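K.L.:
Would you mind keeping the following structure in view while I ask a few things?
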Amino acid sequence: MFKFEVCANGVESCLAAQAGGADRVELCAGIPEGGTTPSYGEIKTARKLLTKTRLHVIIRPRGGDFLYSELEVERMIEDIRICKALGADGVVFGCLQSDGTLDVRQNRRLLEEASGMSVTFHRAFDRCANPQESLEQLIDMGFDRVLTSGQQPTAYEGIPLLKELQQQSAGRIIVLAGCGVNEDNIHDIHQATGISEFHFSARCRQTSKMSFINKKVSMGAKGFPEDYLDITSEERVRKTIQSLLCTE
C-alpha cells in the first residue's frame, strides 16, 4: 500500500536508506541548494551497492529557479543519458517558464530521453502559479509522479492542497508528499490526505573527525557549516516507516 523514498545526499545515505527498508532513493548532491545532479562516480557506486532499493537520480544542473536555458537543458539531457547507461531506475526533474507555468516543450524533451525509466516531476511544482492546471499537464505529458509539499514550506503545512491534489489525481499520477516528512508527522499526513507515497531524508548530524580545523578559512559561503555532515540514519528511516505501518 505504501512506498517510501529517501532523499539521499550520497552513497552512505543510500545504504542507510536500503538498510532501513526504503523502497527507493532520490540521489542528490547540493542539498543546501535544494538538490543538484550528483557525480558520475556517485551514481555508479550507488547503482552497484543498491541491490534491494530502487535508484532515482535528480537531474538539476544548478540551484535557484527552474527556468533553464537551452544549454542547461542540453546538459540535463546528457545527464539523463548517463543515468540510463548506468542502470538508474528513474530520474527526477522539472522545467518552468518565467510566468510559473510548466515548460511543456522542455519537459517533453527530457521525458523523451528518459523513456523506459520512471520519471518524477520534482518540487518545481511548488513554484507553479496554478497547481491544479499544472497537475493536469503533468498527467497529460506522462509523468509517473509529482513530488510536492503542497506549495508550503513543509508537507504537514501543505496538507490542504495535498489532499486536493490527491483527489484530483484520481489514480492518474502518484502524488508524492515530501519536505519535512518525519516519524512524528507521516501518519497524520497520510490520514489527512490519503497519500501513500512519502519522500523524506531521515538525516542525523555527524561531527567531522578532523582533529584540526582552521576556523579562519572557509571553503564555501561564509557561515556555511563545515565541521559536520548530515547523513541519512538507518534507524530514522526504519522508525519513520514503522510509525506509519504500525498505525495502519
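Within each chain, counting starts at residue 1; across the C-alpha cells, chains are named A, B, ... in the order shown, with ligands numbered 1 upward in that order.
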Compile a residue-level contact table for segment 126-179 of chain A against segment 88-103 of chain A at a cut-off of 8 Å, reporting for every qualifying residue the shortest atom pair and its distance in Å to one decimal, with only C-alpha atoms counted, rows ordered by chain and ascending number, as a tab-separated table.

P.N.:
residue	atom	partner	partner_atom	distance
A:Arg127	CA	A:Gly100	CA	6.5
A:Cys128	CA	A:Gly100	CA	4.7
A:Ala129	CA	A:Gly100	CA	4.8
A:Asn130	CA	A:Thr101	CA	7.3
A:Ser134	CA	A:Leu102	CA	6.6
A:Gln137	CA	A:Leu102	CA	7.9

K.L.:
Hey, what's within 8 Å of Val237 of chain A if we count only C-alpha atoms and toss same-chain stuff fewer than 3 positions away? As a list of chain:residue names, please?

P.N.:
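Using only C-alpha atoms, the neighbours found are A:Val6, A:Ala16, A:Ala17, A:Gly20, A:Gly21, A:Ala22, A:Ser201, A:Ala202, A:Thr232, A:Ser233, A:Glu234, A:Thr240, A:Ile241.
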
K.L.:
What's the 10 Å shell around Gln167 of chain A, counting only C-alpha atoms, without same-chain residues fewer than 6 positions away, as JSON, numbers by chain?

P.N.:
{"A": [161, 175, 193, 194, 195]}

K.L.:
Can I get the selected residues back with N, CA and C atoms, as a PDB file, in the first residue's frame?

P.N.:
ATOM      1  N   LEU A 161      -3.721  21.466   0.351  1.00  0.00           N
ATOM      2  CA  LEU A 161      -3.525  21.309  -1.098  1.00  0.00           C
ATOM      3  C   LEU A 161      -3.151  19.873  -1.445  1.00  0.00           C
ATOM      4  N   VAL A 175       0.883  11.187  -6.320  1.00  0.00           N
ATOM      5  CA  VAL A 175       1.265  12.373  -5.559  1.00  0.00           C
ATOM      6  C   VAL A 175       2.200  11.904  -4.433  1.00  0.00           C
ATOM      7  N   THR A 193      -4.691  13.218   4.068  1.00  0.00           N
ATOM      8  CA  THR A 193      -4.660  13.398   2.602  1.00  0.00           C
ATOM      9  C   THR A 193      -4.993  12.147   1.805  1.00  0.00           C
ATOM     10  N   GLY A 194      -4.769  10.976   2.401  1.00  0.00           N
ATOM     11  CA  GLY A 194      -4.930   9.728   1.657  1.00  0.00           C
ATOM     12  C   GLY A 194      -3.723   9.370   0.819  1.00  0.00           C
ATOM     13  N   ILE A 195      -2.675  10.191   0.870  1.00  0.00           N
ATOM     14  CA  ILE A 195      -1.450   9.933   0.107  1.00  0.00           C
ATOM     15  C   ILE A 195      -0.723   8.728   0.703  1.00  0.00           C
TER      16      ILE A 195
END

K.L.:
Can you tell me, as a list in words, what residues are no more than 12 Å from Lys209 of chain A when counting only C-alpha atoms, ignoring any on the same chain fewer than 6 positions away?

P.N.:
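Once the nearby chain positions are removed, what remains is Glu226, Asp227, Tyr228 and Leu229 of chain A.
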
K.L.:
Using only C-alpha atoms, please write the residues we just selected to a file, as an mmCIF file, in the first residue's frame.

P.N.:
data_model
loop_
_atom_site.group_PDB
_atom_site.id
_atom_site.type_symbol
_atom_site.label_atom_id
_atom_site.label_comp_id
_atom_site.auth_asym_id
_atom_site.auth_seq_id
_atom_site.Cartn_x
_atom_site.Cartn_y
_atom_site.Cartn_z
ATOM 1 C CA GLU A 226 31.938 22.732 7.540
ATOM 2 C CA ASP A 227 32.540 20.814 10.769
ATOM 3 C CA TYR A 228 29.730 18.291 10.401
ATOM 4 C CA LEU A 229 27.812 16.240 7.834
#

K.L.:
Enumerate as a ChimeraX atom specification all residues of segment 22-215 of chain A assigned to helix (DSSP H, G or I) by DSSP on the backbone, naming them with the chain letters and numbers the document uses.

P.N.:
/A:31-33,40-49,70-86,104-113,123-127,131-141,159-169,186-193

K.L.:
Show me, as a list in words, the residues that have an atom within 10 Å of Leu162 of chain A when counting only C-alpha atoms, minus same-chain residues fewer than 2 positions from it.

P.N.:
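Contacts, in chain order: Thr148, Ser149, Gly150, Gln151, Gln152, Ala155, Tyr156, Glu157, Gly158, Ile159, Pro160, Glu164, Leu165, Gln166, Gln167, Gln168, Val175, Leu176, Ala177, Ile189, His190, Ala192, Thr193, Gly194 and Ile195 of chain A.
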
K.L.:
Please give the complete set of residues from segment 58-191 of chain A that DSSP, run on the backbone, assigns to strand (DSSP E), formatted as a PDB file with N, CA, C and O atoms, in the first residue's frame.

P.N.:
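Result file out39.pdb:
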ATOM      1  N   ILE A  58      18.249  12.834  -9.272  1.00  0.00           N
ATOM      2  CA  ILE A  58      17.762  14.163  -9.621  1.00  0.00           C
ATOM      3  C   ILE A  58      18.581  14.716 -10.797  1.00  0.00           C
ATOM      4  O   ILE A  58      19.799  14.544 -10.856  1.00  0.00           O
ATOM      5  N   GLY A  90      15.207   5.490 -12.337  1.00  0.00           N
ATOM      6  CA  GLY A  90      14.374   6.642 -12.638  1.00  0.00           C
ATOM      7  C   GLY A  90      15.146   7.934 -12.536  1.00  0.00           C
ATOM      8  O   GLY A  90      16.276   7.972 -12.037  1.00  0.00           O
ATOM      9  N   VAL A  91      14.529   8.994 -13.032  1.00  0.00           N
ATOM     10  CA  VAL A  91      15.103  10.334 -12.936  1.00  0.00           C
ATOM     11  C   VAL A  91      14.028  11.296 -12.443  1.00  0.00           C
ATOM     12  O   VAL A  91      12.821  11.018 -12.545  1.00  0.00           O
ATOM     13  N   VAL A  92      14.505  12.430 -11.927  1.00  0.00           N
ATOM     14  CA  VAL A  92      13.631  13.408 -11.288  1.00  0.00           C
ATOM     15  C   VAL A  92      14.015  14.787 -11.827  1.00  0.00           C
ATOM     16  O   VAL A  92      15.170  15.191 -11.709  1.00  0.00           O
ATOM     17  N   PHE A  93      13.063  15.492 -12.429  1.00  0.00           N
ATOM     18  CA  PHE A  93      13.382  16.807 -12.990  1.00  0.00           C
ATOM     19  C   PHE A  93      12.121  17.654 -13.100  1.00  0.00           C
ATOM     20  O   PHE A  93      11.011  17.188 -12.827  1.00  0.00           O
ATOM     21  N   SER A 118      11.374   5.365 -14.807  1.00  0.00           N
ATOM     22  CA  SER A 118      10.354   6.024 -14.013  1.00  0.00           C
ATOM     23  C   SER A 118      10.713   7.502 -13.912  1.00  0.00           C
ATOM     24  O   SER A 118      11.879   7.853 -13.732  1.00  0.00           O
ATOM     25  N   VAL A 119       9.716   8.387 -14.034  1.00  0.00           N
ATOM     26  CA  VAL A 119      10.003   9.828 -14.063  1.00  0.00           C
ATOM     27  C   VAL A 119       9.128  10.570 -13.053  1.00  0.00           C
ATOM     28  O   VAL A 119       7.898  10.447 -13.065  1.00  0.00           O
ATOM     29  N   THR A 120       9.789  11.339 -12.219  1.00  0.00           N
ATOM     30  CA  THR A 120       9.122  12.172 -11.215  1.00  0.00           C
ATOM     31  C   THR A 120       9.343  13.644 -11.548  1.00  0.00           C
ATOM     32  O   THR A 120      10.464  14.048 -11.861  1.00  0.00           O
ATOM     33  N   PHE A 121       8.282  14.431 -11.473  1.00  0.00           N
ATOM     34  CA  PHE A 121       8.412  15.883 -11.547  1.00  0.00           C
ATOM     35  C   PHE A 121       8.659  16.377 -10.132  1.00  0.00           C
ATOM     36  O   PHE A 121       7.862  16.135  -9.229  1.00  0.00           O
ATOM     37  N   ARG A 145       4.912  10.477 -11.371  1.00  0.00           N
ATOM     38  CA  ARG A 145       4.567  11.034 -10.062  1.00  0.00           C
ATOM     39  C   ARG A 145       5.021  12.488  -9.982  1.00  0.00           C
ATOM     40  O   ARG A 145       5.830  12.943 -10.780  1.00  0.00           O
ATOM     41  N   VAL A 146       4.503  13.177  -8.974  1.00  0.00           N
ATOM     42  CA  VAL A 146       4.906  14.557  -8.706  1.00  0.00           C
ATOM     43  C   VAL A 146       5.246  14.670  -7.224  1.00  0.00           C
ATOM     44  O   VAL A 146       4.473  14.255  -6.364  1.00  0.00           O
ATOM     45  N   LEU A 147       6.418  15.213  -6.952  1.00  0.00           N
ATOM     46  CA  LEU A 147       6.867  15.442  -5.580  1.00  0.00           C
ATOM     47  C   LEU A 147       6.453  16.845  -5.170  1.00  0.00           C
ATOM     48  O   LEU A 147       6.789  17.826  -5.844  1.00  0.00           O
ATOM     49  N   THR A 148       5.735  16.957  -4.049  1.00  0.00           N
ATOM     50  CA  THR A 148       5.238  18.260  -3.644  1.00  0.00           C
ATOM     51  C   THR A 148       5.026  18.330  -2.136  1.00  0.00           C
ATOM     52  O   THR A 148       4.718  17.326  -1.487  1.00  0.00           O
ATOM     53  N   ILE A 174       0.884   9.645  -9.419  1.00  0.00           N
ATOM     54  CA  ILE A 174       1.157   9.471  -7.998  1.00  0.00           C
ATOM     55  C   ILE A 174       1.547  10.807  -7.392  1.00  0.00           C
ATOM     56  O   ILE A 174       2.436  11.489  -7.908  1.00  0.00           O
ATOM     57  N   VAL A 175       0.883  11.187  -6.320  1.00  0.00           N
ATOM     58  CA  VAL A 175       1.265  12.373  -5.559  1.00  0.00           C
ATOM     59  C   VAL A 175       2.200  11.904  -4.433  1.00  0.00           C
ATOM     60  O   VAL A 175       1.811  11.130  -3.570  1.00  0.00           O
ATOM     61  N   LEU A 176       3.428  12.376  -4.501  1.00  0.00           N
ATOM     62  CA  LEU A 176       4.482  12.000  -3.549  1.00  0.00           C
ATOM     63  C   LEU A 176       4.678  13.162  -2.584  1.00  0.00           C
ATOM     64  O   LEU A 176       5.154  14.229  -2.977  1.00  0.00           O
ATOM     65  N   ALA A 177       4.312  12.968  -1.325  1.00  0.00           N
ATOM     66  CA  ALA A 177       4.410  14.045  -0.335  1.00  0.00           C
ATOM     67  C   ALA A 177       5.827  14.114   0.217  1.00  0.00           C
ATOM     68  O   ALA A 177       6.371  13.111   0.680  1.00  0.00           O
ATOM     69  N   GLY A 178       6.424  15.304   0.164  1.00  0.00           N
ATOM     70  CA  GLY A 178       7.790  15.450   0.648  1.00  0.00           C
ATOM     71  C   GLY A 178       8.075  16.830   1.179  1.00  0.00           C
ATOM     72  O   GLY A 178       7.341  17.781   0.908  1.00  0.00           O
TER      73      GLY A 178
END

K.L.:
With only C-alpha atoms as the basis for distance, which of A:Gln106, A:Thr154, A:Ser169, A:Thr37 is at the shortest distance from Ile139 of chain A?

P.N.:
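The answer is A:Ser169, which sits nearest to Ile139 of chain A.
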
K.L.:
Using only C-alpha atoms, which of A:Glu113, A:Gly142, A:Asp65, A:Cys14 sits nearest Lys48 of chain A?

P.N.:
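Of A:Glu113, A:Gly142, A:Asp65, A:Cys14, the one nearest Lys48 of chain A, counting only C-alpha atoms, is A:Cys14.
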
K.L.:
In Å, rounded to a single decimal, give me how far atom CA of Pro61 of chain A is from atom CA of Arg75 of chain A.

P.N.:
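Spanning atom CA of Arg75 of chain A to atom CA of Pro61 of chain A is a straight-line distance of 7.3 Å.
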
K.L.:
How many Å separate atom CA of Asp230 of chain A from atom CA of Cys246 of chain A?

P.N.:
27.1 Å

K.L.:
Which residue gives the smallest distance to Ile173 of chain A among A:Leu138, A:Leu27, A:Cys204, A:Met117, with only C-alpha atoms counted?

P.N.:
A:Leu138

K.L.:
For Ala46 of chain A, list every protein, DNA or RNA residue within 9 Å, evaluated using only C-alpha atoms, and leave out those in the same chain fewer than 4 positions away; present the list as a ChimeraX atom specification.

P.N.:
/A:10-12,14-15,27,41-42,50,55

K.L.:
Between atom CA of Glu33 of chain A and atom CA of Gly63 of chain A, what distance in Å does the model show, to one decimal?

P.N.:
5.0 Å

K.L.:
Which residue, A:Asp140, A:His199, A:Arg205, A:Gln191, has the smallest gap to Arg172 of chain A when you use only C-alpha atoms?

P.N.:
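The shortest atom-to-atom distance to Arg172 of chain A comes from A:Asp140.
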